[in-house]
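*Asks:* Pasting a structure below so you can have a look.
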Amino acid sequence: MCVNVWRAEKVLIEGVAERSLHCGQHTMEHRKRVFFAIVVAVLVIFGLYQFNMLTPAGSFLSNDLPAAVSFKTTVKSKAMTLTDLQGLLEDDPVLLDYTRGLLIEPAERDTPYALSQPNLQDYSRMNMSLIIYSLLKHRKNGFFVDCGAFDGEDASVSLALEKDFNWNGLMVDAGPKQIQRLLLKGRKSWVAPTCMSTSNKSMMVSFMESEMQSAIVNKDTQVGNKAVVQTLCIPFHTFMKVLGIKKVDLFNLDVEGAELEILKTIDFNRVKIDAMMIEHFNNKEPVQKEILSIMEKNGFKLYEKNAYDFVFVHTSV
């Protein structure tokens with residue numbers, strides 16, 4: 001009888017162990033599936049949040065608003081699209097609300113940077129960050145607008161100012177891949193995953209992503225196999241009003257040929273700007289002359305014209 005009891009206990013123990021092993025394997029597989037589902041969901045939400053659509057060159061999908069944008073408006077319409085938002089004046093309450101929801105907050109100051117070259121003193125071309133810092137009399141805690149921010153590191157004129165001299169600011173770029181890389185850098189400034197309008201109104205555009213040659217394009221532009229995103233460009237003063245900014249220490253304008261049009265939208269009496277870098281590389285001589293004329297009329301002195309940019313400092317500095 002003792003032998004039978006022992007055998008029964010052995011069978012029972014082996015059965016429990018087998019079921020426990022099976023349950024453990026089942027639980028582990030279940031956890032893996034749940035974890036994978038969460039990762040996929042996060043990536044999908046991230047993509048929707050940043051870019052309302054990304055399609056192969058030359059093709060466009062619907063223009064619904066980015067799904068994760070917190071968009072509050074008094075408009076009674078149940079659903080609004082980006083097309084509904086185009087043509088709104090820079091101070092329109094609906095456009096201001098949309099822009100508030102679109103902006104991505106800065107990383108905390110104690111968040112480590114995640115840079116590919118963390119030990120550089122200046123990330124900009126020809127050490128322009130340190131030159132600007134010197135021209136502004138070693139100014140700390142400044143505010144910049146970096147329009148055409150690319151990935152927030154490569155050739156960035158704003159990174160050294162932010163990293164070493166406690167500046168912050170607004171980085172604007174509509175390139176999906178560029179913004180994805182930028183958000184991984186740990187930058188301590190606001191990010192606008194869109195373009196700056198060439199008008200005092202919001203405007204729908206087609207934006208071609210092509211590394212440092214990314215730009216607004218029209219239907220006649222040959223884009224080859226490059227990705228194109230359809231997006232809503234926001235006016236300069238809309239951004240400034242949303243952020244409560246009335247003074248900009250440095251405005252870097254690098255948008256591959258649309259610099260003059262954006263420059264014409266700026267009311268220098270409404271927002272004071274102490275220094276500007278304006279790319280001239282993709283602009284022909286008549287456009288360059290008009291840029292110089294506008295800056296001179298608004299009290300700026302040309303400090304330097306290098307191979308890529310004009311560098312201006314206001315005479316009040």
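FYI, nothing fancy with the structure tokens labels: chains A, B, ... in order, residues from 1 per chain, ligands from 1 as they appear.
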List every residue of segment 74-163 of chain A that has an atom at most 10 Å from any atom of segment 274-293 of chain A, and for each one report the closest atom pair and its distance in Å to one decimal, counting only C-alpha atoms, with rows sorted by chain and then by increasing residue number, as CSV.
*Replies:*
```
residue,atom,partner,partner_atom,distance
A:Met128,CA,A:Met277,CA,9.2
A:Ile132,CA,A:Ala275,CA,7.8
A:Leu135,CA,A:Ala275,CA,8.6
A:Leu136,CA,A:Ala275,CA,7.9
A:Phe144,CA,A:Ala275,CA,9.4
A:Val145,CA,A:Met276,CA,9.4
A:Asp146,CA,A:Met277,CA,9.5
A:Cys147,CA,A:Ile278,CA,9.9
A:Val157,CA,A:Met277,CA,9.2
```
*Asks:* Residues near Val317 of chain A, anyone? I mean within 12 Å using only C-alpha atoms, not counting same-chain ones fewer than 2 positions away, as a list in words.
*Replies:* Ile132, Ser134, Leu135, Leu136, Lys137, His138, Arg139, Asp249, Leu250, Lys272, Ile273, Asp274, Ala275, Gly299, Phe300, Lys301, Phe312, Val313, His314 and Thr315 of chain A
*Asks:* What parts of segment 136-223 of chain A does DSSP call strand (DSSP E or B)? I'd like the answer as a count of residues only.
*Replies:* 27
*Asks:* Residues at most 12 Å from Lys246 of chain A, counting only C-alpha atoms, excluding those fewer than 6 positions away in the same chain, as JSON, numbers by chain?
*Replies:* {"A": [143, 144, 236, 237, 238, 239, 240, 267, 268, 269, 270, 271, 272, 273, 274]}
*Asks:* How far is it from atom CA of Pro235 of chain A to atom CA of Trp167 of chain A, in Å with one decimal?
*Replies:*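 The value is 22.7 Å.
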*Asks:* Using Å and a single decimal, report how far atom CA of Asp151 of chain A sits from atom CA of Gln178 of chain A.
*Replies:*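 Atom CA of Gln178 of chain A sits 4.8 Å away from atom CA of Asp151 of chain A.
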*Asks:* With only C-alpha atoms as the atoms that count, which of A:Glu304, A:Phe150, A:Gly101, A:Asn298 lies nearest to Ser316 of chain A?
*Replies:*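 Among the listed residues, A:Asn298 lies closest to Ser316 of chain A.
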*Asks:* For Gly152 of chain A, list every protein, DNA or RNA residue within 8 Å, evaluated using only C-alpha atoms, and leave out those in the same chain fewer than 5 positions away; present the list as an NGL selection string.
*Replies:* :A and (159 or 171 or 181-182 or 185 or 187)
